[in-house]
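Everything below belongs to coords00.txt, which stores compact mmCIF, C-alpha atoms and all ligand atoms.
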```
# COMPACT_ATOMS: atom_id res chain seq x y z
CA MET A 1 1.56 15.46 9.31
CA PRO A 2 -2.17 15.19 8.51
CA PRO A 3 -4.31 16.08 11.55
CA ARG A 4 -6.69 13.16 11.20
CA TYR A 5 -6.35 9.39 11.18
CA TYR A 6 -8.78 6.80 9.87
CA THR A 7 -8.01 3.41 11.41
CA VAL A 8 -8.89 0.35 9.35
CA THR A 9 -9.10 -3.02 11.12
CA TRP A 10 -8.48 -6.39 9.44
CA ASP A 11 -12.20 -7.11 9.64
CA GLN A 12 -13.11 -3.81 8.00
CA LEU A 13 -10.50 -4.28 5.28
CA HIS A 14 -11.89 -7.74 4.54
CA ARG A 15 -15.46 -6.39 4.32
CA ASP A 16 -14.46 -3.43 2.13
CA SER A 17 -12.40 -5.68 -0.16
CA LYS A 18 -15.38 -8.01 -0.54
CA ALA A 19 -17.64 -5.03 -1.29
CA LEU A 20 -15.25 -4.08 -4.09
CA ALA A 21 -15.18 -7.70 -5.31
CA TRP A 22 -18.99 -7.68 -5.63
CA ARG A 23 -18.82 -4.59 -7.85
CA LEU A 24 -15.94 -5.97 -9.89
CA SER A 25 -17.84 -9.19 -10.50
CA GLU A 26 -20.48 -7.02 -12.20
CA THR A 27 -18.06 -4.92 -14.28
CA ALA A 28 -15.93 -7.90 -15.39
CA PRO A 29 -15.63 -8.47 -19.15
CA ALA A 30 -17.34 -11.54 -20.64
CA GLY A 31 -15.28 -14.55 -19.56
CA GLY A 32 -13.91 -12.69 -16.53
CA TRP A 33 -10.70 -10.75 -15.91
CA LEU A 34 -7.56 -12.12 -17.57
CA GLY A 35 -5.76 -11.54 -14.29
CA ILE A 36 -5.10 -9.14 -11.45
CA VAL A 37 -2.15 -6.77 -11.15
CA ALA A 38 -1.50 -5.82 -7.52
CA ILE A 39 0.41 -2.61 -6.84
CA THR A 40 2.79 -3.70 -4.11
CA ARG A 41 2.94 -3.64 -1.31
CA GLY A 42 -0.37 -2.05 -0.22
CA GLY A 43 -2.40 -3.69 -3.01
CA LEU A 44 -1.28 -7.24 -2.17
CA ILE A 45 -3.76 -8.09 0.57
CA PRO A 46 -6.82 -6.56 -1.15
CA ALA A 47 -5.70 -8.36 -4.33
CA GLY A 48 -5.51 -11.70 -2.47
CA ILE A 49 -9.03 -11.27 -1.07
CA ILE A 50 -10.47 -10.15 -4.42
CA ALA A 51 -8.67 -12.93 -6.38
CA ARG A 52 -10.31 -15.43 -4.05
CA GLU A 53 -13.78 -13.91 -4.48
CA LEU A 54 -13.50 -13.65 -8.28
CA ASP A 55 -11.88 -17.10 -8.58
CA CYS A 56 -8.92 -15.51 -10.36
CA ARG A 57 -5.68 -17.52 -10.24
CA VAL A 58 -3.46 -15.20 -12.28
CA VAL A 59 -1.91 -12.50 -10.12
CA GLU A 60 0.88 -10.22 -11.38
CA THR A 61 2.56 -7.40 -9.47
CA VAL A 62 3.94 -3.96 -10.17
CA SER A 63 6.11 -2.46 -7.46
CA VAL A 64 6.05 1.30 -6.99
CA ILE A 65 7.86 3.04 -4.14
CA THR A 66 6.40 6.51 -3.50
CA TYR A 67 6.32 6.98 0.29
CA ASP A 68 8.74 6.55 3.18
CA GLU A 69 6.16 6.25 5.99
CA GLU A 70 4.14 9.52 5.62
CA LYS A 71 6.75 11.35 3.53
CA ARG A 72 6.12 11.38 -0.24
CA GLY A 73 9.05 11.22 -2.64
CA GLU A 74 9.57 10.71 -6.39
CA PRO A 75 7.78 7.50 -7.42
CA ARG A 76 10.14 4.73 -8.56
CA ILE A 77 9.19 1.51 -10.37
CA ALA A 78 11.02 -1.39 -8.68
CA LYS A 79 9.25 -4.13 -10.72
CA SER A 80 7.23 -3.93 -13.95
CA PRO A 81 4.00 -5.91 -14.63
CA VAL A 82 5.46 -7.88 -17.56
CA ALA A 83 2.62 -10.44 -17.88
CA ALA A 84 -0.14 -7.84 -18.24
CA GLY A 85 0.74 -6.27 -21.63
CA ASP A 86 -1.07 -2.92 -21.97
CA GLY A 87 -3.54 -3.97 -19.26
CA ALA A 88 -6.49 -4.78 -21.56
CA GLY A 89 -8.76 -7.26 -19.72
CA TRP A 90 -6.72 -6.96 -16.52
CA LEU A 91 -7.77 -5.65 -13.15
CA LEU A 92 -5.33 -3.26 -11.45
CA LEU A 93 -5.66 -3.04 -7.65
CA ASP A 94 -4.22 -0.89 -4.90
CA ASP A 95 -5.18 -0.27 -1.28
CA LEU A 96 -5.75 3.46 -1.83
CA VAL A 97 -5.28 6.42 -4.07
CA ASP A 98 -4.13 9.59 -2.29
CA THR A 99 -2.50 12.28 -4.48
CA GLY A 100 -2.77 9.96 -7.51
CA THR A 101 1.02 10.00 -8.07
CA THR A 102 1.37 6.19 -7.94
CA ALA A 103 -1.83 5.64 -9.89
CA ARG A 104 -0.81 7.97 -12.74
CA LEU A 105 2.57 6.25 -13.09
CA VAL A 106 1.01 2.77 -13.22
CA ARG A 107 -1.73 3.94 -15.60
CA GLY A 108 1.09 4.92 -17.94
CA LEU A 109 2.35 1.31 -17.87
CA LEU A 110 -1.11 -0.33 -18.14
CA PRO A 111 -3.32 2.22 -19.91
CA HIS A 112 -6.14 -0.26 -20.64
CA ALA A 113 -6.41 -1.90 -17.21
CA HIS A 114 -9.48 -1.41 -15.03
CA PHE A 115 -8.13 0.39 -11.97
CA ALA A 116 -9.79 -0.08 -8.57
CA THR A 117 -8.83 0.82 -5.00
CA ILE A 118 -10.49 0.19 -1.66
CA TYR A 119 -10.05 3.79 -0.41
CA ALA A 120 -9.74 7.11 -2.23
CA LYS A 121 -8.95 10.71 -1.35
CA PRO A 122 -10.37 13.56 -3.50
CA ALA A 123 -7.11 14.41 -5.35
CA GLY A 124 -6.64 10.83 -6.58
CA ARG A 125 -10.26 9.93 -7.16
CA PRO A 126 -10.35 10.93 -10.87
CA VAL A 127 -7.41 8.60 -11.66
CA VAL A 128 -9.23 5.38 -10.62
CA ASP A 129 -12.23 3.69 -12.23
CA GLU A 130 -13.72 2.40 -8.98
CA PHE A 131 -13.31 2.58 -5.21
CA VAL A 132 -15.36 1.75 -2.10
CA THR A 133 -14.86 4.50 0.52
CA GLU A 134 -13.72 8.12 0.26
CA VAL A 135 -11.90 9.95 3.07
CA SER A 136 -10.88 13.60 3.17
CA GLN A 137 -7.53 14.69 1.75
CA ASP A 138 -6.13 15.58 5.19
CA THR A 139 -6.88 12.11 6.58
CA TRP A 140 -4.13 9.51 6.87
CA ILE A 141 -5.45 5.96 6.56
CA LEU A 142 -3.90 3.57 9.08
CA PHE A 143 -3.88 0.03 7.68
CA PRO A 144 -3.93 -3.03 9.94
CA TRP A 145 -0.47 -4.17 8.79
CA ASP A 146 0.99 -0.83 10.00
CA THR A 147 -0.68 -0.83 13.43
CA GLU A 148 -1.29 -2.93 16.53
CA PRO A 149 -3.81 -2.64 19.39
CA GLN A 150 -2.53 -0.64 22.33
CA PHE A 151 -3.75 0.86 25.62
CA ILE A 152 -5.68 4.15 25.27
CA ALA A 153 -6.39 6.31 28.33
CA PRO A 154 -10.07 6.56 29.42
CA ILE A 155 -11.85 9.67 28.11
CA ALA A 156 -12.20 11.03 31.67
CA ARG A 157 -8.43 11.11 32.04
CA SER A 158 -7.54 12.41 28.58
CA ALA A 159 -10.11 15.22 28.02
CA PRO A 160 -10.73 18.20 30.29
CA VAL A 161 -13.99 17.79 32.31
CA LYS A 162 -16.53 20.54 31.57
O1 LIG B 1 -1.79 8.39 -4.50
P1 LIG B 1 -0.43 8.44 -3.90
O2 LIG B 1 -0.13 9.77 -3.26
O3 LIG B 1 0.65 8.00 -4.83
O4 LIG B 1 -0.43 7.42 -2.66
C1 LIG B 1 -0.97 6.12 -2.74
C2 LIG B 1 0.11 5.06 -2.70
O5 LIG B 1 0.91 5.21 -1.51
C3 LIG B 1 0.98 3.97 -0.82
O6 LIG B 1 2.06 3.19 -1.28
P2 LIG B 1 3.55 3.37 -0.72
O7 LIG B 1 4.35 4.19 -1.70
O8 LIG B 1 3.52 3.88 0.68
O9 LIG B 1 4.19 1.95 -0.75
P3 LIG B 1 3.66 0.58 -0.13
O10 LIG B 1 2.41 0.21 -0.88
O11 LIG B 1 4.76 -0.38 -0.37
O12 LIG B 1 3.39 0.81 1.33
C4 LIG B 1 -0.32 3.30 -1.16
O13 LIG B 1 -0.22 1.89 -1.00
C5 LIG B 1 -0.52 3.68 -2.61
O14 LIG B 1 0.16 2.79 -3.47
O1 LIG B 2 -0.79 3.91 4.93
C1 LIG B 2 -1.01 4.88 4.16
N1 LIG B 2 -2.08 5.71 4.40
C2 LIG B 2 -2.38 6.80 3.63
O2 LIG B 2 -3.35 7.54 3.88
C3 LIG B 2 -1.52 7.02 2.50
N2 LIG B 2 -1.50 7.97 1.53
C4 LIG B 2 -0.45 7.68 0.74
N3 LIG B 2 0.18 6.56 1.17
C5 LIG B 2 -0.46 6.13 2.27
N4 LIG B 2 -0.20 5.09 3.09
MG MG B 3 1.42 1.34 -2.35
```
I need this file expressed as C-alpha cells, please.
Ligand SMILES: O=P(O)(O)OC[C@H]1O[C@H](OP(=O)(O)OP(=O)(O)O)[C@H](O)[C@@H]1O
Ligand SMILES: O=c1[nH]c(=O)c2nc[nH]c2[nH]1
Ligand SMILES: [Mg+2]
Amino acid sequence: MPPRYYTVTWDQLHRDSKALAWRLSETAPAGGWLGIVAITRGGLIPAGIIARELDCRVVETVSVITYDEEKRGEPRIAKSPVAAGDGAGWLLLDDLVDTGTTARLVRGLLPHAHFATIYAKPAGRPVVDEFVTEVSQDTWILFPWDTEPQFIAPIARSAPVK
C-alpha cells in the first residue's frame, strides 16, 4: 500500500476540472472538439464538468478495468469507444494517469485523440498530452466518490507530545 494519501474534495475536483477546461479551450482545434471520450468510471465526472465548460454535447465512453481498489491487474476493455473513430479531433479524458497502463491501452484504440487527465504521477506523465496537478508515484489519490467525511482524533491525542 502506498504510504501517502492525497485527498481530493468535490470542490477541489471541480476547480481542477475547470482549470483543465480553460487550457483545453485554448488547445481545441478550429471549430472545437468533435466530442469527448470519457474513460470510465473515473473520467466520467471530470468529463461532465469539462463538457459543460466547453459546451460539448457529444460524449462517448471507453470502459477499462485495471484496478480492484488499490490492486492493479491486467487491463481489460469492457466497452469500446465506437463513435470516436481513430480519435482525430476528439478529447480523451480520465481522472488520473498512474503507471500509464490504462492510458497506453486506450491510446492504442484512439491514437489521434488529445489525451488529458486532471492528475498525473511521474510514470504515466509521458503518456498524456496535458494534466493539471502532479503527485509523487507513492501517493494514492483519494477521490470524493471513494470517501466520506469522518471523525479524526485531535492532534494532541494522536501524536506524542514533545
Ligand atoms: O495509469 P494506471 O496505472 O492505469 O491507473 C490509472 C487508472 O486507474 C483508475 O481506474 P480504475 O481501473 O481503478 O477503474 P475506475 O476508473 O472504474 O475506478 C483511474 O481512474 C485510471 O483510469
Ligand atoms: O482512486 C485512485 N487513486 C489512485 O491514485 C490511483 N492510481 C491508479 N488508480 C487509482 N485510483
Ligand atoms: Mg479509471
Which residues of chain A sit at most 7 Å from ligand LIG 2 (chain B), using only C-alpha atoms and all ligand atoms? Give each one's shortest atom pair and distance in Å (one decimal place), in chain and ascending residue order, as JSON lines.
```
{"residue": "A:Tyr67", "atom": "CA", "partner": "B:LIG2", "partner_atom": "N3", "distance": 6.2}
{"residue": "A:Glu70", "atom": "CA", "partner": "B:LIG2", "partner_atom": "C5", "distance": 6.6}
{"residue": "A:Val97", "atom": "CA", "partner": "B:LIG2", "partner_atom": "N2", "distance": 6.9}
{"residue": "A:Asp98", "atom": "CA", "partner": "B:LIG2", "partner_atom": "N2", "distance": 4.9}
{"residue": "A:Thr139", "atom": "CA", "partner": "B:LIG2", "partner_atom": "O2", "distance": 6.4}
{"residue": "A:Trp140", "atom": "CA", "partner": "B:LIG2", "partner_atom": "O2", "distance": 3.7}
{"residue": "A:Ile141", "atom": "CA", "partner": "B:LIG2", "partner_atom": "O2", "distance": 3.8}
{"residue": "A:Leu142", "atom": "CA", "partner": "B:LIG2", "partner_atom": "O1", "distance": 5.2}
{"residue": "A:Phe143", "atom": "CA", "partner": "B:LIG2", "partner_atom": "O1", "distance": 5.7}
```
Which one is closest to ligand LIG 1 (chain B): A:Leu54, A:Ile45, A:Val8, A:Ala83? Count all atoms listed in the file.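 Selected residue with least distance to ligand LIG 1 (chain B): A:Ile45.
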To one decimal place, how far is atom O12 of ligand LIG 1 (chain B) from CA of Thr66 (chain A) in Å?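 CA of Thr66 (chain A) lies 8.1 Å from atom O12 of ligand LIG 1 (chain B).
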Would you list the residues that come within 7 Å of ligand LIG 1 (chain B)? Count all atoms listed in the file and give the answer as a VMD selection string. chain A and resid 39 to 43 64 to 69 94 to 103 124
Record the distance separating CA of Leu20 (chain A) and CA of Phe115 (chain A), expressed in Å with one decimal.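 The value is 11.5 Å.
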Top pick for closest residue to ligand MG 3 (chain B), considering A:Thr9, A:Ser80, A:Thr117, A:Thr27 and counting only C-alpha atoms and all ligand atoms: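 Going through A:Thr9, A:Ser80, A:Thr117, A:Thr27 one by one, the smallest distance to ligand MG 3 (chain B) is for A:Thr117.
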At what distance in Å, to one decimal, does CA of Leu91 (chain A) lie from atom MG of ligand MG 3 (chain B)? 15.8 Å
Need the shell around Val37 (chain A): protein/DNA/RNA residues with any atom at most 7 Å away, counting all atoms listed in the file. Skip same-chain ones fewer than 2 positions apart. Format as a list in words?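 Listing them by chain and then by number gives Gly35, Ile39, Val59, Glu60, Thr61, Val62, Leu91, Leu92 and Leu93 of chain A.
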Calculated over only C-alpha atoms and all ligand atoms, which of the candidates A:Ala28, A:Ala123, A:Val82, A:Ala38 has the smallest distance to ligand MG 3 (chain B)? A:Ala38
Would you please work out which residue, of A:Trp33, A:Ile50, A:Tyr5, A:Arg72, is nearest to Thr147 (chain A) when using only C-alpha atoms?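 Comparing A:Trp33, A:Ile50, A:Tyr5, A:Arg72 against Thr147 (chain A), the winner is A:Tyr5.
With all atoms listed in the file as the atoms that count, the residue of A:Pro75, A:Gly87, A:Pro122, A:Gly32 with the shortest distance to ligand MG 3 (chain B) is A:Pro75.
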How would region 62-97 of chain A look with N, CA and C atoms restored, written as a compact mmCIF listing (two decimals), keeping the file's coordinate frame?
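Output (out_21.txt):
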```txt
# COMPACT_ATOMS: atom_id res chain seq x y z
N VAL A 62 3.09 -5.08 -9.75
CA VAL A 62 3.94 -3.96 -10.17
C VAL A 62 4.35 -3.30 -8.86
N SER A 63 5.64 -3.03 -8.73
CA SER A 63 6.11 -2.46 -7.46
C SER A 63 6.48 -1.00 -7.66
N VAL A 64 5.77 -0.13 -6.93
CA VAL A 64 6.05 1.30 -6.99
C VAL A 64 6.38 1.79 -5.58
N ILE A 65 7.48 2.49 -5.45
CA ILE A 65 7.86 3.04 -4.14
C ILE A 65 7.67 4.55 -4.23
N THR A 66 6.70 5.07 -3.47
CA THR A 66 6.40 6.51 -3.50
C THR A 66 6.61 7.15 -2.14
N TYR A 67 6.29 6.40 -1.06
CA TYR A 67 6.32 6.98 0.29
C TYR A 67 7.36 6.30 1.16
N ASP A 68 7.95 7.10 2.08
CA ASP A 68 8.74 6.55 3.18
C ASP A 68 7.94 6.94 4.43
N GLU A 69 7.19 5.98 4.97
CA GLU A 69 6.16 6.25 5.99
C GLU A 69 5.22 7.35 5.46
N GLU A 70 5.10 8.53 6.11
CA GLU A 70 4.14 9.52 5.62
C GLU A 70 4.79 10.57 4.70
N LYS A 71 6.04 10.37 4.36
CA LYS A 71 6.75 11.35 3.53
C LYS A 71 6.75 10.89 2.07
N ARG A 72 6.20 11.73 1.19
CA ARG A 72 6.12 11.38 -0.24
C ARG A 72 7.38 11.79 -0.96
N GLY A 73 7.88 10.90 -1.82
CA GLY A 73 9.05 11.22 -2.64
C GLY A 73 8.73 11.04 -4.11
N GLU A 74 9.76 10.97 -4.95
CA GLU A 74 9.57 10.71 -6.39
C GLU A 74 9.22 9.24 -6.56
N PRO A 75 8.13 8.92 -7.26
CA PRO A 75 7.78 7.50 -7.42
C PRO A 75 8.81 6.75 -8.27
N ARG A 76 9.12 5.53 -7.86
CA ARG A 76 10.14 4.73 -8.56
C ARG A 76 9.56 3.33 -8.81
N ILE A 77 9.69 2.86 -10.06
CA ILE A 77 9.19 1.51 -10.37
C ILE A 77 10.30 0.51 -10.04
N ALA A 78 10.03 -0.38 -9.07
CA ALA A 78 11.02 -1.39 -8.68
C ALA A 78 10.78 -2.71 -9.41
N LYS A 79 9.56 -2.92 -9.93
CA LYS A 79 9.25 -4.13 -10.72
C LYS A 79 8.10 -3.83 -11.68
N SER A 80 8.27 -4.20 -12.94
CA SER A 80 7.23 -3.93 -13.95
C SER A 80 6.26 -5.11 -14.05
N PRO A 81 5.01 -4.84 -14.52
CA PRO A 81 4.00 -5.91 -14.63
C PRO A 81 4.11 -6.60 -16.00
N VAL A 82 5.15 -7.37 -16.22
CA VAL A 82 5.46 -7.88 -17.56
C VAL A 82 4.35 -8.74 -18.18
N ALA A 83 3.61 -9.50 -17.34
CA ALA A 83 2.62 -10.44 -17.88
C ALA A 83 1.35 -9.74 -18.38
N ALA A 84 1.17 -8.48 -18.02
CA ALA A 84 -0.14 -7.84 -18.24
C ALA A 84 -0.24 -7.02 -19.53
N GLY A 85 0.79 -7.01 -20.36
CA GLY A 85 0.74 -6.27 -21.63
C GLY A 85 0.39 -4.81 -21.40
N ASP A 86 -0.64 -4.31 -22.15
CA ASP A 86 -1.07 -2.92 -21.97
C ASP A 86 -2.21 -2.83 -20.95
N GLY A 87 -2.52 -3.96 -20.32
CA GLY A 87 -3.54 -3.97 -19.26
C GLY A 87 -4.93 -4.33 -19.76
N ALA A 88 -5.14 -4.48 -21.05
CA ALA A 88 -6.49 -4.78 -21.56
C ALA A 88 -6.98 -6.10 -20.96
N GLY A 89 -8.17 -6.06 -20.33
CA GLY A 89 -8.76 -7.26 -19.72
C GLY A 89 -8.24 -7.55 -18.33
N TRP A 90 -7.30 -6.74 -17.86
CA TRP A 90 -6.72 -6.96 -16.52
C TRP A 90 -7.30 -5.98 -15.52
N LEU A 91 -7.30 -6.45 -14.27
CA LEU A 91 -7.77 -5.65 -13.15
C LEU A 91 -6.54 -5.16 -12.39
N LEU A 92 -6.48 -3.86 -12.15
CA LEU A 92 -5.33 -3.26 -11.45
C LEU A 92 -5.82 -2.82 -10.07
N LEU A 93 -5.16 -3.30 -9.02
CA LEU A 93 -5.66 -3.04 -7.65
C LEU A 93 -4.61 -2.42 -6.75
N ASP A 94 -5.06 -1.44 -5.96
CA ASP A 94 -4.22 -0.89 -4.90
C ASP A 94 -5.09 -0.67 -3.66
N ASP A 95 -4.41 -0.48 -2.51
CA ASP A 95 -5.18 -0.27 -1.28
C ASP A 95 -5.86 1.09 -1.30
N LEU A 96 -5.15 2.12 -1.80
CA LEU A 96 -5.75 3.46 -1.83
C LEU A 96 -5.12 4.32 -2.89
N VAL A 97 -5.84 5.37 -3.23
CA VAL A 97 -5.28 6.42 -4.07
C VAL A 97 -5.35 7.70 -3.24
```
